[in-house]
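Student: What follows is my_file_23.txt, made up of compact mmCIF, C-alpha atoms:
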```txt
# COMPACT_ATOMS: atom_id res chain seq x y z
CA MET A 1 20.97 -21.06 -0.15
CA ALA A 2 20.73 -22.68 3.25
CA THR A 3 24.15 -21.41 4.30
CA LEU A 4 23.18 -17.82 3.55
CA SER A 5 20.24 -17.96 5.89
CA VAL A 6 22.62 -18.92 8.70
CA CYS A 7 24.49 -15.67 8.67
CA GLN A 8 21.80 -13.09 7.99
CA PRO A 9 18.67 -12.68 10.10
CA GLN A 10 15.46 -12.65 8.09
CA TYR A 11 13.47 -9.47 7.80
CA GLY A 12 9.96 -8.81 6.57
CA GLY A 13 8.99 -6.08 4.16
CA PHE A 14 9.98 -5.65 0.54
CA SER A 15 12.43 -8.14 -0.88
CA PHE A 16 14.71 -7.04 -3.71
CA GLU A 17 15.95 -10.54 -4.55
CA ASN A 18 14.39 -10.74 -7.97
CA CYS A 19 15.23 -7.24 -9.22
CA LYS A 20 18.37 -8.28 -11.10
CA ARG A 21 16.60 -11.29 -12.60
CA ASN A 22 13.66 -9.09 -13.67
CA ALA A 23 15.95 -6.54 -15.31
CA LEU A 24 17.67 -9.35 -17.20
CA LEU A 25 14.34 -10.87 -18.29
CA GLU A 26 13.07 -7.51 -19.44
CA SER A 27 16.11 -6.88 -21.62
CA GLU A 28 15.82 -10.39 -23.09
CA ILE A 29 12.12 -9.98 -23.82
CA THR A 30 12.50 -6.60 -25.49
CA LYS A 31 15.23 -8.10 -27.67
CA LEU A 32 12.67 -10.65 -28.87
CA GLY A 33 10.17 -7.88 -29.56
CA CYS A 34 7.50 -8.73 -26.96
CA SER A 35 6.61 -6.55 -24.00
CA VAL A 36 6.54 -7.20 -20.29
CA PRO A 37 3.03 -7.36 -18.71
CA ALA A 38 2.07 -4.00 -17.24
CA ALA A 39 0.74 -3.44 -13.75
CA ARG A 40 -2.93 -2.62 -13.49
CA LYS A 41 -3.32 1.14 -13.21
CA THR A 42 -6.46 3.01 -12.46
CA GLY A 43 -6.01 5.77 -15.10
CA THR A 44 -8.52 7.80 -13.25
CA THR A 45 -10.36 10.95 -12.58
CA ILE A 46 -10.67 11.66 -8.87
CA CYS A 47 -11.54 14.95 -7.25
CA GLY A 48 -12.73 16.52 -4.06
CA VAL A 49 -14.28 19.78 -2.96
CA VAL A 50 -14.84 21.43 0.40
CA PHE A 51 -18.33 22.87 0.87
CA LYS A 52 -20.10 24.59 3.72
CA ASP A 53 -20.43 21.71 6.19
CA GLY A 54 -18.00 19.13 4.87
CA VAL A 55 -16.28 17.48 1.96
CA VAL A 56 -17.50 15.80 -1.24
CA LEU A 57 -15.19 13.24 -2.87
CA GLY A 58 -15.82 11.86 -6.34
CA ALA A 59 -14.27 9.20 -8.55
CA ASP A 60 -14.93 7.33 -11.79
CA THR A 61 -14.95 3.53 -11.83
CA ARG A 62 -12.71 2.27 -14.62
CA ALA A 63 -9.50 0.30 -14.05
CA THR A 64 -7.19 -0.16 -17.05
CA GLU A 65 -4.38 -2.58 -17.80
CA GLY A 66 -2.44 -1.02 -20.64
CA MET A 67 -5.02 -0.51 -23.38
CA ILE A 68 -7.66 -2.85 -21.96
CA VAL A 69 -10.33 -2.05 -19.40
CA ALA A 70 -9.62 -4.46 -16.57
CA ASP A 71 -12.53 -3.56 -14.30
CA LYS A 72 -15.64 -1.69 -15.43
CA ASN A 73 -16.88 -0.96 -11.95
CA CYS A 74 -14.07 -0.77 -9.44
CA SER A 75 -14.32 1.17 -6.24
CA LYS A 76 -11.78 3.95 -5.93
CA ILE A 77 -13.00 5.65 -2.79
CA HIS A 78 -11.35 3.80 0.07
CA PHE A 79 -12.25 3.80 3.73
CA ILE A 80 -9.66 5.25 6.08
CA SER A 81 -11.76 5.91 9.17
CA PRO A 82 -15.49 6.57 9.71
CA ASN A 83 -14.96 10.28 9.15
CA ILE A 84 -12.13 10.16 6.58
CA TYR A 85 -12.19 8.71 3.07
CA CYS A 86 -9.50 8.62 0.43
CA CYS A 87 -9.68 8.39 -3.38
CA GLY A 88 -6.77 6.68 -5.08
CA ALA A 89 -5.23 7.07 -8.55
CA GLY A 90 -2.17 5.35 -9.98
CA THR A 91 -1.26 1.69 -9.62
CA ALA A 92 -4.37 -0.04 -8.25
CA ALA A 93 -2.55 -2.42 -5.89
CA ASP A 94 -0.44 0.38 -4.44
CA THR A 95 -3.42 2.60 -3.64
CA GLU A 96 -5.34 -0.33 -2.17
CA MET A 97 -2.52 -1.53 0.11
CA THR A 98 -1.45 1.96 1.12
CA THR A 99 -4.92 3.04 2.13
CA GLN A 100 -5.52 -0.19 4.04
CA LEU A 101 -2.22 0.19 5.88
CA ILE A 102 -2.93 3.78 6.82
CA SER A 103 -6.46 2.89 7.85
CA SER A 104 -5.13 0.25 10.26
CA ASN A 105 -2.47 2.57 11.61
CA LEU A 106 -4.99 5.34 12.12
CA GLU A 107 -7.33 2.98 13.96
CA LEU A 108 -4.52 1.91 16.31
CA HIS A 109 -3.51 5.52 16.81
CA SER A 110 -7.04 6.62 17.61
CA LEU A 111 -7.46 3.76 20.07
CA SER A 112 -4.24 4.82 21.71
CA THR A 113 -5.18 8.53 21.94
CA GLY A 114 -8.87 7.88 22.62
CA ARG A 115 -9.98 10.57 20.14
CA LEU A 116 -11.53 10.72 16.71
CA PRO A 117 -8.71 10.63 14.14
CA ARG A 118 -7.82 13.84 12.33
CA VAL A 119 -7.30 14.25 8.60
CA ALA A 120 -3.90 15.88 9.20
CA THR A 121 -2.73 12.72 10.95
CA ALA A 122 -3.68 10.55 8.00
CA ASN A 123 -1.99 13.03 5.69
CA ARG A 124 1.22 12.99 7.70
CA MET A 125 1.31 9.20 7.85
CA LEU A 126 0.71 8.85 4.11
CA LYS A 127 3.28 11.45 3.18
CA GLN A 128 5.98 9.95 5.36
CA MET A 129 5.39 6.47 3.99
CA LEU A 130 5.34 7.57 0.36
CA PHE A 131 8.51 9.61 0.80
CA ARG A 132 10.27 6.66 2.37
CA TYR A 133 9.72 4.67 -0.84
CA GLN A 134 10.80 7.58 -3.07
CA GLY A 135 7.88 7.40 -5.48
CA TYR A 136 8.23 3.69 -6.28
CA ILE A 137 4.83 3.18 -4.68
CA GLY A 138 2.68 4.76 -7.39
CA ALA A 139 -0.22 6.06 -5.35
CA ALA A 140 -1.68 9.53 -5.98
CA LEU A 141 -4.40 10.18 -3.42
CA VAL A 142 -7.12 12.67 -2.60
CA LEU A 143 -7.74 12.55 1.14
CA GLY A 144 -10.79 14.22 2.62
CA GLY A 145 -12.66 14.17 5.89
CA VAL A 146 -14.28 16.08 8.71
CA ASP A 147 -12.75 16.15 12.17
CA CYS A 148 -12.91 18.36 15.25
CA ASN A 149 -11.33 21.25 13.35
CA GLY A 150 -13.74 21.20 10.44
CA PRO A 151 -13.60 19.81 6.90
CA HIS A 152 -10.17 19.23 5.31
CA LEU A 153 -9.04 18.16 1.85
CA TYR A 154 -5.52 17.11 0.88
CA SER A 155 -3.95 15.88 -2.32
CA ILE A 156 -0.96 13.56 -1.96
CA TYR A 157 1.47 12.81 -4.78
CA PRO A 158 3.43 9.54 -5.20
CA HIS A 159 6.73 11.08 -4.12
CA GLY A 160 5.30 12.34 -0.87
CA SER A 161 4.40 16.00 -1.43
CA THR A 162 0.99 17.15 -0.23
CA ASP A 163 -1.27 20.14 -0.81
CA LYS A 164 -4.08 21.37 1.38
CA LEU A 165 -6.62 23.04 -0.87
CA PRO A 166 -10.37 23.72 -1.12
CA TYR A 167 -10.67 21.71 -4.36
CA VAL A 168 -8.29 19.14 -5.84
CA THR A 169 -8.21 16.73 -8.76
CA MET A 170 -5.84 13.85 -9.54
CA GLY A 171 -5.36 11.17 -12.15
CA SER A 172 -5.18 11.15 -15.92
CA GLY A 173 -8.47 13.04 -16.21
CA SER A 174 -7.45 15.65 -13.66
CA LEU A 175 -7.11 18.46 -16.19
CA ALA A 176 -10.63 17.99 -17.51
CA ALA A 177 -12.03 17.90 -13.97
CA MET A 178 -9.96 20.88 -12.87
CA ALA A 179 -11.33 22.91 -15.79
CA VAL A 180 -14.86 22.39 -14.46
CA PHE A 181 -13.78 23.27 -10.93
CA GLU A 182 -11.97 26.42 -11.95
CA ASP A 183 -15.03 27.56 -13.80
CA ARG A 184 -17.71 26.91 -11.22
CA TYR A 185 -16.18 26.65 -7.75
CA VAL A 186 -17.37 29.17 -5.14
CA PRO A 187 -16.48 28.94 -1.45
CA ASN A 188 -19.15 27.78 1.04
CA MET A 189 -21.45 25.98 -1.36
CA GLU A 190 -24.55 24.05 -0.37
CA VAL A 191 -24.41 20.26 -0.40
CA GLU A 192 -26.51 19.79 -3.54
CA ASP A 193 -24.45 22.31 -5.50
CA ALA A 194 -21.25 20.64 -4.37
CA LYS A 195 -22.53 17.20 -5.40
CA GLN A 196 -23.56 18.54 -8.80
CA LEU A 197 -20.19 20.23 -9.27
CA VAL A 198 -18.24 17.07 -8.43
CA ARG A 199 -20.51 14.98 -10.65
CA ASP A 200 -19.91 17.35 -13.56
CA ALA A 201 -16.16 17.37 -12.98
CA ILE A 202 -15.96 13.57 -13.00
CA ALA A 203 -18.22 13.45 -16.05
CA ALA A 204 -15.82 15.81 -17.83
CA GLY A 205 -12.99 13.44 -16.97
CA ILE A 206 -14.99 10.40 -18.12
CA PHE A 207 -15.97 11.82 -21.47
CA ASN A 208 -12.69 13.52 -22.33
CA ASP A 209 -10.11 11.05 -21.04
CA LEU A 210 -9.67 7.49 -22.31
CA GLY A 211 -8.35 6.25 -18.98
CA SER A 212 -11.55 7.11 -17.09
CA GLY A 213 -15.03 5.81 -17.68
CA SER A 214 -18.13 3.96 -16.51
CA ASN A 215 -19.96 5.30 -13.47
CA ILE A 216 -19.50 8.17 -11.04
CA ASP A 217 -19.11 7.41 -7.33
CA LEU A 218 -19.60 10.11 -4.75
CA CYS A 219 -18.85 10.28 -1.06
CA VAL A 220 -20.34 13.13 0.99
CA ILE A 221 -18.75 13.53 4.44
CA THR A 222 -20.22 15.91 7.00
CA LYS A 223 -19.80 16.17 10.75
CA ASP A 224 -22.70 13.87 11.61
CA LYS A 225 -23.35 11.96 8.43
CA LEU A 226 -21.56 9.98 5.78
CA ASP A 227 -23.12 9.24 2.38
CA TYR A 228 -21.37 6.74 0.17
CA LEU A 229 -23.24 6.93 -3.13
CA ARG A 230 -22.14 4.12 -5.35
CA PRO A 231 -23.09 4.58 -8.12
CA HIS A 232 -24.29 8.08 -7.99
CA ASP A 233 -24.65 8.40 -11.73
CA GLU A 234 -24.37 5.82 -14.47
CA ALA A 235 -22.85 8.03 -17.10
CA ASN A 236 -21.97 5.19 -19.48
CA LYS A 237 -24.70 2.58 -19.72
CA LYS A 238 -23.87 -0.48 -21.75
CA GLY A 239 -26.05 -0.42 -24.84
CA VAL A 240 -29.26 -2.46 -25.13
CA ARG A 241 -29.44 -4.81 -28.12
CA THR A 242 -32.06 -3.57 -30.57
CA GLY A 243 -32.53 -6.79 -32.55
CA ASN A 244 -33.16 -10.36 -31.44
CA TYR A 245 -31.03 -12.83 -33.39
CA LYS A 246 -32.58 -16.05 -32.09
CA TYR A 247 -34.43 -18.24 -34.60
CA LYS A 248 -38.14 -18.79 -33.99
CA ARG A 249 -39.49 -22.27 -33.35
CA GLY A 250 -40.53 -23.83 -36.63
CA THR A 251 -37.89 -22.13 -38.79
CA THR A 252 -36.37 -25.53 -39.51
CA GLY A 253 -38.92 -28.12 -40.62
CA VAL A 254 -39.27 -31.22 -38.40
CA LEU A 255 -39.23 -34.56 -40.32
CA THR A 256 -39.55 -37.20 -37.55
CA LYS A 257 -39.88 -37.11 -33.80
CA SER A 258 -39.36 -39.99 -31.33
CA VAL A 259 -39.59 -39.75 -27.53
CA THR A 260 -37.82 -42.29 -25.25
CA PRO A 261 -38.71 -41.93 -21.56
CA LEU A 262 -35.93 -42.79 -19.12
CA ASP A 263 -37.20 -44.89 -16.21
CA LEU A 264 -35.16 -43.94 -13.19
CA GLU A 265 -35.57 -45.48 -9.75
CA VAL A 266 -35.01 -43.45 -6.61
CA VAL A 267 -32.46 -45.52 -4.67
CA GLU A 268 -31.52 -43.24 -1.77
CA GLU A 269 -32.64 -39.85 -0.57
CA THR A 270 -30.56 -37.81 1.86
CA VAL A 271 -31.20 -34.32 3.12
CA GLN A 272 -28.20 -32.14 3.99
CA THR A 273 -29.15 -28.96 5.84
CA MET A 274 -27.38 -25.74 4.83
CA ASP A 275 -25.95 -23.48 7.48
CA THR A 276 -27.89 -20.34 6.65
CA SER A 277 -27.25 -18.52 9.93
CA MET B 1 7.10 7.31 13.17
CA ASN B 2 9.71 9.80 12.03
CA THR B 3 8.68 12.94 13.78
CA ARG B 4 12.09 14.64 13.86
CA GLY B 5 12.84 17.67 11.76
CA LEU B 6 15.62 17.84 9.23
CA ARG B 7 17.78 20.13 11.37
CA SER B 8 18.57 17.58 13.99
CA GLN B 9 19.73 14.77 11.65
CA LEU B 10 23.06 13.19 12.31
CA LYS B 11 25.63 14.47 9.83
CA ASP B 12 27.44 11.18 9.44
CA SER B 13 24.83 8.45 9.32
CA VAL B 14 25.36 4.70 9.49
CA PRO B 15 28.20 3.53 7.22
CA VAL B 16 26.76 1.25 4.58
CA THR B 17 28.36 -2.16 4.67
CA GLY B 18 25.57 -3.93 2.84
CA LEU B 19 27.62 -4.64 -0.23
CA ALA B 20 31.03 -5.47 1.22
CA PRO B 21 32.93 -8.26 -0.55
CA GLN B 22 32.18 -11.70 0.79
CA ALA B 23 35.26 -11.96 2.94
CA GLY B 24 35.31 -14.71 5.50
CA ALA B 25 37.61 -15.51 8.34
CA TYR B 26 40.91 -15.34 6.41
CA GLY B 27 40.17 -12.43 4.15
CA VAL B 28 39.32 -14.51 1.08
CA PRO B 29 35.77 -15.01 -0.26
CA ASP B 30 34.07 -17.57 1.99
CA THR B 31 32.27 -19.69 -0.60
CA MET B 32 30.97 -22.25 1.86
CA ARG B 33 29.09 -19.81 4.03
CA ARG B 34 28.15 -17.05 1.66
CA GLY B 35 27.86 -18.84 -1.65
CA PHE B 36 29.42 -17.93 -4.97
CA SER B 37 30.29 -14.29 -5.31
CA SER B 38 30.63 -12.02 -8.29
CA VAL B 39 32.04 -8.52 -8.23
CA LYS B 40 29.43 -7.29 -10.70
CA ASN B 41 26.61 -8.38 -8.43
CA GLU B 42 28.07 -6.68 -5.42
CA LEU B 43 29.21 -3.39 -6.92
CA LEU B 44 25.77 -1.85 -7.40
CA PRO B 45 22.55 -2.46 -5.51
CA SER B 46 19.87 -4.22 -7.54
CA HIS B 47 17.30 -1.54 -6.73
CA PRO B 48 17.75 2.09 -5.68
CA LEU B 49 15.75 1.44 -2.55
CA GLU B 50 17.62 -1.68 -1.47
CA LEU B 51 20.23 -0.02 0.71
CA SER B 52 17.93 2.60 2.09
CA GLU B 53 15.41 -0.04 3.15
CA LYS B 54 18.06 -2.32 4.64
CA ASN B 55 19.33 0.41 6.93
CA PHE B 56 16.07 2.19 7.51
CA GLN B 57 15.53 1.16 11.11
CA LEU B 58 19.15 1.78 11.97
CA ASN B 59 19.10 5.26 10.46
CA GLN B 60 15.86 6.09 12.21
CA ASP B 61 17.31 5.07 15.55
CA LYS B 62 20.47 7.08 14.97
CA MET B 63 18.44 10.13 14.03
CA ASN B 64 16.21 9.82 17.06
CA PHE B 65 19.14 9.37 19.42
CA SER B 66 20.98 12.36 18.04
CA THR B 67 17.88 14.56 18.36
CA LEU B 68 17.41 13.36 21.92
CA ARG B 69 21.03 14.12 22.68
CA ASN B 70 20.70 17.64 21.30
CA ILE B 71 17.53 18.35 23.22
CA GLN B 72 18.00 16.60 26.54
CA GLY B 73 21.69 15.94 26.86
CA LEU B 74 23.85 12.84 26.65
CA HIS B 75 22.19 10.96 29.48
CA ALA B 76 18.96 10.41 27.53
CA PRO B 77 20.35 8.36 24.61
CA LEU B 78 22.75 6.56 26.94
CA LYS B 79 19.95 5.33 29.18
CA LEU B 80 17.80 4.38 26.23
CA GLN B 81 20.59 2.47 24.54
CA MET B 82 21.20 0.56 27.73
CA GLU B 83 17.55 -0.46 27.71
CA TYR B 84 17.76 -1.42 24.04
CA ARG B 85 20.78 -3.58 24.71
CA ALA B 86 18.95 -5.36 27.49
CA ALA B 87 15.83 -5.83 25.37
CA ARG B 88 17.80 -7.14 22.43
CA GLN B 89 19.04 -10.02 24.53
CA ILE B 90 15.51 -11.36 25.00
CA GLN B 91 15.48 -13.55 21.93
CA ARG B 92 14.65 -17.12 21.09
CA LEU B 93 17.17 -19.51 19.61
CA PRO B 94 18.54 -18.33 16.25
CA PHE B 95 16.44 -20.53 14.00
CA LEU B 96 13.13 -19.59 15.65
CA GLN B 97 11.33 -16.33 15.06
CA SER B 98 11.27 -14.06 18.12
CA SER B 99 8.42 -11.67 18.76
CA ASN B 100 10.71 -8.74 19.68
CA LEU B 101 8.01 -7.41 21.98
CA ALA B 102 10.35 -5.52 24.31
CA ILE B 103 12.22 -3.85 21.45
CA ASP B 104 8.97 -2.88 19.76
CA THR B 105 7.62 -1.37 22.95
CA LEU B 106 10.77 0.68 23.46
CA ARG B 107 10.78 1.90 19.88
CA GLY B 108 7.09 2.67 19.87
CA THR B 109 6.40 0.45 16.88
CA ASP B 110 4.15 -1.89 18.85
CA ASP B 111 1.07 0.09 17.75
CA MET B 112 2.13 0.61 14.17
CA ILE B 113 1.76 -1.63 11.13
CA GLY B 114 4.15 -1.32 8.23
CA PHE B 115 5.04 -3.34 5.16
CA GLU B 116 7.48 -5.39 7.21
CA ASP B 117 4.53 -6.91 9.08
CA ILE B 118 2.48 -7.72 6.01
CA LEU B 119 4.92 -8.67 3.30
CA ASN B 120 7.49 -11.44 3.55
CA ASP B 121 6.71 -12.38 7.14
CA PRO B 122 9.82 -14.28 8.34
CA GLY B 123 7.60 -16.49 10.50
CA GLN B 124 5.99 -17.85 7.34
CA SER B 125 8.98 -18.25 5.07
CA GLU B 126 9.35 -21.53 3.21
CA MET B 127 13.02 -21.92 4.06
CA MET B 128 14.29 -22.69 7.50
CA GLY B 129 17.89 -22.45 8.54
CA GLU B 130 19.65 -25.58 9.71
CA PRO B 131 19.30 -25.35 13.53
CA HIS B 132 22.69 -26.82 14.46
CA MET B 133 24.60 -24.59 12.06
CA MET B 134 22.76 -21.49 13.16
CA VAL B 135 23.41 -22.05 16.84
CA GLU B 136 27.05 -22.84 16.16
CA TYR B 137 27.37 -19.69 14.09
CA LYS B 138 25.84 -17.66 16.87
CA MET B 139 28.17 -19.20 19.44
CA GLY B 140 31.11 -18.45 17.17
CA LEU B 141 32.11 -22.09 16.88
CA LEU B 142 31.48 -22.29 13.16
```
Once more with this new file: its structure as C-alpha cells, please.
Tutor:
Amino acid sequence: MATLSVCQPQYGGFSFENCKRNALLESEITKLGCSVPAARKTGTTICGVVFKDGVVLGADTRATEGMIVADKNCSKIHFISPNIYCCGAGTAADTEMTTQLISSNLELHSLSTGRLPRVATANRMLKQMLFRYQGYIGAALVLGGVDCNGPHLYSIYPHGSTDKLPYVTMGSGSLAAMAVFEDRYVPNMEVEDAKQLVRDAIAAGIFNDLGSGSNIDLCVITKDKLDYLRPHDEANKKGVRTGNYKYKRGTTGVLTKSVTPLDLEVVEETVQTMDTS
Amino acid sequence: MNTRGLRSQLKDSVPVTGLAPQAGAYGVPDTMRRGFSSVKNELLPSHPLELSEKNFQLNQDKMNFSTLRNIQGLHAPLKLQMEYRAARQIQRLPFLQSSNLAIDTLRGTDDMIGFEDILNDPGQSEMMGEPHMMVEYKMGLL
C-alpha cells in the first residue's frame, strides 16, 4: 500500500512478502492433489583432489528438475578467480548466484589488498554468507585453488560448515565417487594419475546415481597454469540411429505432374551492411 | 564482514520490535497509515529468516561496537558512533534513494557486494511513495 511505504524505508535484499501467500497456496494445492513446481537442482557428483603441484576438480553435467533432466550439458565448475575454481551441487540458482557474488567480492578484495586472492579467503566469505542464511541457500560447494601457500581444497556445506581435506566429494553421487577415492588415493600424485582418478570417481557417480549423468568436466589448477577441460570425457553419448525411416523417392507412384512458373519482378533492391566488428 | 569471534558478542542484542502491533499515535491500530492489521499475521514471522535479516545490519554494528569497546575502551565506539550520526544525516529527501556513500565507507561495506545490492534494489522498485506525505511524515507533521 502507498501509505505503508511512507513509514518504512525500503531495503534491498531478500523480500519475505510472499511467504505467507506461498504457504497458503501450497496447502491449497496439496489439498487438490497436485504438487508445487520444484526448484531446479543439480543432483550432482562433484569432487576434488589435491595432487603434487595443484588441485584437480571434477563434475558431471546433468541438471535435474524433479524426475526430468533439465539440462544435459550444464557447467558446474564456476569461476571464482583466475587461480580458484568452485564446483557447485544443490539448487542450481543458489550455487550460480553464490559463486558469482563471492567471485565479485574476492575481486574487489584482491584489488584492495593488491595481492592474488587466497583460497582461505574465498572459503571464509562463503561460509559466513551461507551461515547467515541458515541453510536456506541450498549450495554445497567444493572449492579448490592454488595460491601463495600452495594448493588447497575445501568442501562447504549449505549450513556453513567447511572441511579442509586432500580429497572431497559432494552431491547425490558423492558416495560412489568417495568409494573410488578411498580405494585409490595416494598423497602427492602426478597430474595424469590425478586426472584419471577424478575421471573415474565422476564416472562412478554418473553410472551409479540417477541424479548425475552426461559428460565429465575437469579443471586442473596449478601454480602457473589452468586447464578447463570441458568436456573431458563424454561418458554418455546419445545413441546413433541404426535405421533410416525415410521413404525413398518413387515409393508412391506419380500419376500427373504440372509445373507453373511464378514470374516475379524485382522491384527494389537494398543492401543493409551487418556490423560484424 | 563479520570478523569478530563469538566471545565478544553483546549479551543482550537489539530488542526485536519488527512485529509490534500496529499502534499509531493514540495507542489504537492506525489503519490509515499502516493498513489493515490482523493479530495472526503479526504474531509469527512469515519466514524464520525474516527477523534475523531485518536486524542483521543493526546486530552486526552492535557486535562490532561491543568488541571495540572491550578491546580499545569506551572512547572508540563513542567516536565512531558520532561519525555514524553525522554520516546518517547526509541523505536526500525521503522519497528519493540516497547513495549512503559516507555510511558505507565508515562501515567498510563500500567494497563488498551482497544480496542487498543485487536483489530488490530500492532504486528500481515499481512503487514510489507519495512525496508530500513522506516529507510530512519525516517532519512529524503527519
Student: Please identify every residue of segment 26-91 of chain B that has at least one atom no farther than 9 Å from an atom of segment 123-136 of chain A, counting all atoms listed in the file, and for each give the shortest atom pair and the distance in Å to one decimal, arranged by chain then increasing number, as CSV.
Tutor:
```
residue,atom,partner,partner_atom,distance
B:Leu49,CA,A:Tyr133,CA,7.1
B:Ser52,CA,A:Arg132,CA,8.7
B:Glu53,CA,A:Tyr133,CA,8.4
B:Phe56,CA,A:Arg132,CA,8.9
```
Student: Would you give me, as a tab-separated table, each residue of chain A having an atom within 12 Å of an atom of chain B, along with its shortest atom pair and that distance in Å to one decimal, using all atoms listed in the file and sorting by chain and residue number?
Tutor:
```
residue	atom	partner	partner_atom	distance
A:Met1	CA	B:Gly35	CA	7.4
A:Ala2	CA	B:Gly129	CA	6.0
A:Thr3	CA	B:Arg33	CA	5.2
A:Leu4	CA	B:Arg34	CA	5.4
A:Ser5	CA	B:Gly129	CA	5.7
A:Val6	CA	B:Met134	CA	5.1
A:Cys7	CA	B:Tyr137	CA	7.3
A:Gln8	CA	B:Arg34	CA	9.8
A:Pro9	CA	B:Pro94	CA	8.4
A:Gln10	CA	B:Pro122	CA	5.9
A:Tyr11	CA	B:Pro122	CA	6.1
A:Gly12	CA	B:Glu116	CA	4.3
A:Gly13	CA	B:Glu116	CA	3.5
A:Phe14	CA	B:Leu119	CA	6.5
A:Ser15	CA	B:Asn120	CA	7.4
A:Phe16	CA	B:Glu50	CA	6.5
A:Glu17	CA	B:Ser46	CA	8.0
A:Asn18	CA	B:Ser46	CA	8.5
A:Cys19	CA	B:Ser46	CA	5.8
A:Lys20	CA	B:Ser46	CA	5.6
A:Arg21	CA	B:Ser46	CA	9.3
A:Asn22	CA	B:Ser46	CA	10.0
A:Ala23	CA	B:Ser46	CA	9.0
A:Leu24	CA	B:Ser46	CA	11.2
A:Asp94	CA	B:Phe115	CA	11.7
A:Met97	CA	B:Phe115	CA	9.3
A:Thr98	CA	B:Phe115	CA	9.3
A:Thr99	CA	B:Gly114	CA	11.8
A:Gln100	CA	B:Ile113	CA	10.3
A:Leu101	CA	B:Ile113	CA	6.8
A:Ile102	CA	B:Ile113	CA	8.4
A:Ser103	CA	B:Ile113	CA	9.9
A:Ser104	CA	B:Ile113	CA	7.2
A:Asn105	CA	B:Met112	CA	5.6
A:Leu106	CA	B:Met112	CA	8.8
A:Glu107	CA	B:Asp111	CA	9.7
A:Leu108	CA	B:Asp111	CA	6.1
A:His109	CA	B:Asp111	CA	7.2
A:Ser110	CA	B:Asp111	CA	10.4
A:Leu111	CA	B:Asp111	CA	9.6
A:Ser112	CA	B:Asp111	CA	8.1
A:Thr113	CA	B:Asp111	CA	11.3
A:Thr121	CA	B:Met1	CA	11.4
A:Arg124	CA	B:Thr3	CA	9.6
A:Met125	CA	B:Met1	CA	8.1
A:Leu126	CA	B:Met1	CA	11.2
A:Lys127	CA	B:Asn2	CA	11.1
A:Gln128	CA	B:Asn2	CA	7.6
A:Met129	CA	B:Gly114	CA	9.0
A:Leu130	CA	B:Phe115	CA	11.9
A:Phe131	CA	B:Asn2	CA	11.3
A:Arg132	CA	B:Glu53	CA	8.5
A:Tyr133	CA	B:Leu49	CA	7.1
A:Gln134	CA	B:Leu49	CA	7.9
A:Gly135	CA	B:Leu49	CA	10.3
A:Tyr136	CA	B:Leu49	CA	8.7
A:Ile137	CA	B:Leu49	CA	11.3
```
Student: Kindly give the distance, in Å, that separates atom CA of Leu229 of chain A and atom CA of Gly58 of chain A, rounded to a single decimal.
Tutor: 9.5 Å
Student: Please compute the atom CA of Ser214 of chain A-atom CA of His159 of chain A distance, one decimal, in Å.
Tutor: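 If I compute the distance from atom CA of Ser214 of chain A to atom CA of His159 of chain A, I get 28.7 Å.
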Student: Would you mind listing what lies within 10 Å of Thr222 of chain A as a list in words, with all atoms listed in the file counted and same-chain residues fewer than 2 positions away left out?
Tutor: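 Surrounding residues, per the criterion: Phe51, Lys52, Asp53, Gly54, Val55, Val56, Asn83, Ile84, Gly145, Val146, Asp147, Gly150, Pro151, Val191, Cys219, Val220, Asp224, Lys225, Leu226 and Asp227 of chain A.
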Student: Residues of the last selection are to be written out with C-alpha atoms, as a PDB file, in the frame of the given file.
Tutor:
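What ended up in again05.pdb:
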```
ATOM      1  CA  PHE A  51     -18.330  22.870   0.870  1.00  0.00           C
ATOM      2  CA  LYS A  52     -20.100  24.590   3.720  1.00  0.00           C
ATOM      3  CA  ASP A  53     -20.430  21.710   6.190  1.00  0.00           C
ATOM      4  CA  GLY A  54     -18.000  19.130   4.870  1.00  0.00           C
ATOM      5  CA  VAL A  55     -16.280  17.480   1.960  1.00  0.00           C
ATOM      6  CA  VAL A  56     -17.500  15.800  -1.240  1.00  0.00           C
ATOM      7  CA  ASN A  83     -14.960  10.280   9.150  1.00  0.00           C
ATOM      8  CA  ILE A  84     -12.130  10.160   6.580  1.00  0.00           C
ATOM      9  CA  GLY A 145     -12.660  14.170   5.890  1.00  0.00           C
ATOM     10  CA  VAL A 146     -14.280  16.080   8.710  1.00  0.00           C
ATOM     11  CA  ASP A 147     -12.750  16.150  12.170  1.00  0.00           C
ATOM     12  CA  GLY A 150     -13.740  21.200  10.440  1.00  0.00           C
ATOM     13  CA  PRO A 151     -13.600  19.810   6.900  1.00  0.00           C
ATOM     14  CA  VAL A 191     -24.410  20.260  -0.400  1.00  0.00           C
ATOM     15  CA  CYS A 219     -18.850  10.280  -1.060  1.00  0.00           C
ATOM     16  CA  VAL A 220     -20.340  13.130   0.990  1.00  0.00           C
ATOM     17  CA  ASP A 224     -22.700  13.870  11.610  1.00  0.00           C
ATOM     18  CA  LYS A 225     -23.350  11.960   8.430  1.00  0.00           C
ATOM     19  CA  LEU A 226     -21.560   9.980   5.780  1.00  0.00           C
ATOM     20  CA  ASP A 227     -23.120   9.240   2.380  1.00  0.00           C
TER      21      ASP A 227
END
```
Student: Find, counting only C-alpha atoms, the residue in A:Pro231, A:Gly90, A:Gly48, A:Gly66 that gets nearest to Lys164 of chain A.
Tutor: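 With only C-alpha atoms as the atom set, the closest residue is A:Gly48.
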Student: Atom CA of Arg115 of chain A and atom CA of Ile221 of chain A are how many Å apart?
Tutor: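 Atom CA of Arg115 of chain A sits 18.2 Å away from atom CA of Ile221 of chain A.
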Student: Tell me which protein, DNA and RNA residues are within 10 Å of segment 187-190 of chain A, counting all atoms listed in the file, leaving out same-chain ones fewer than 2 positions away, and put them as a ChimeraX atom specification.
Tutor: /A:49-54,166-167,185,192-195,197
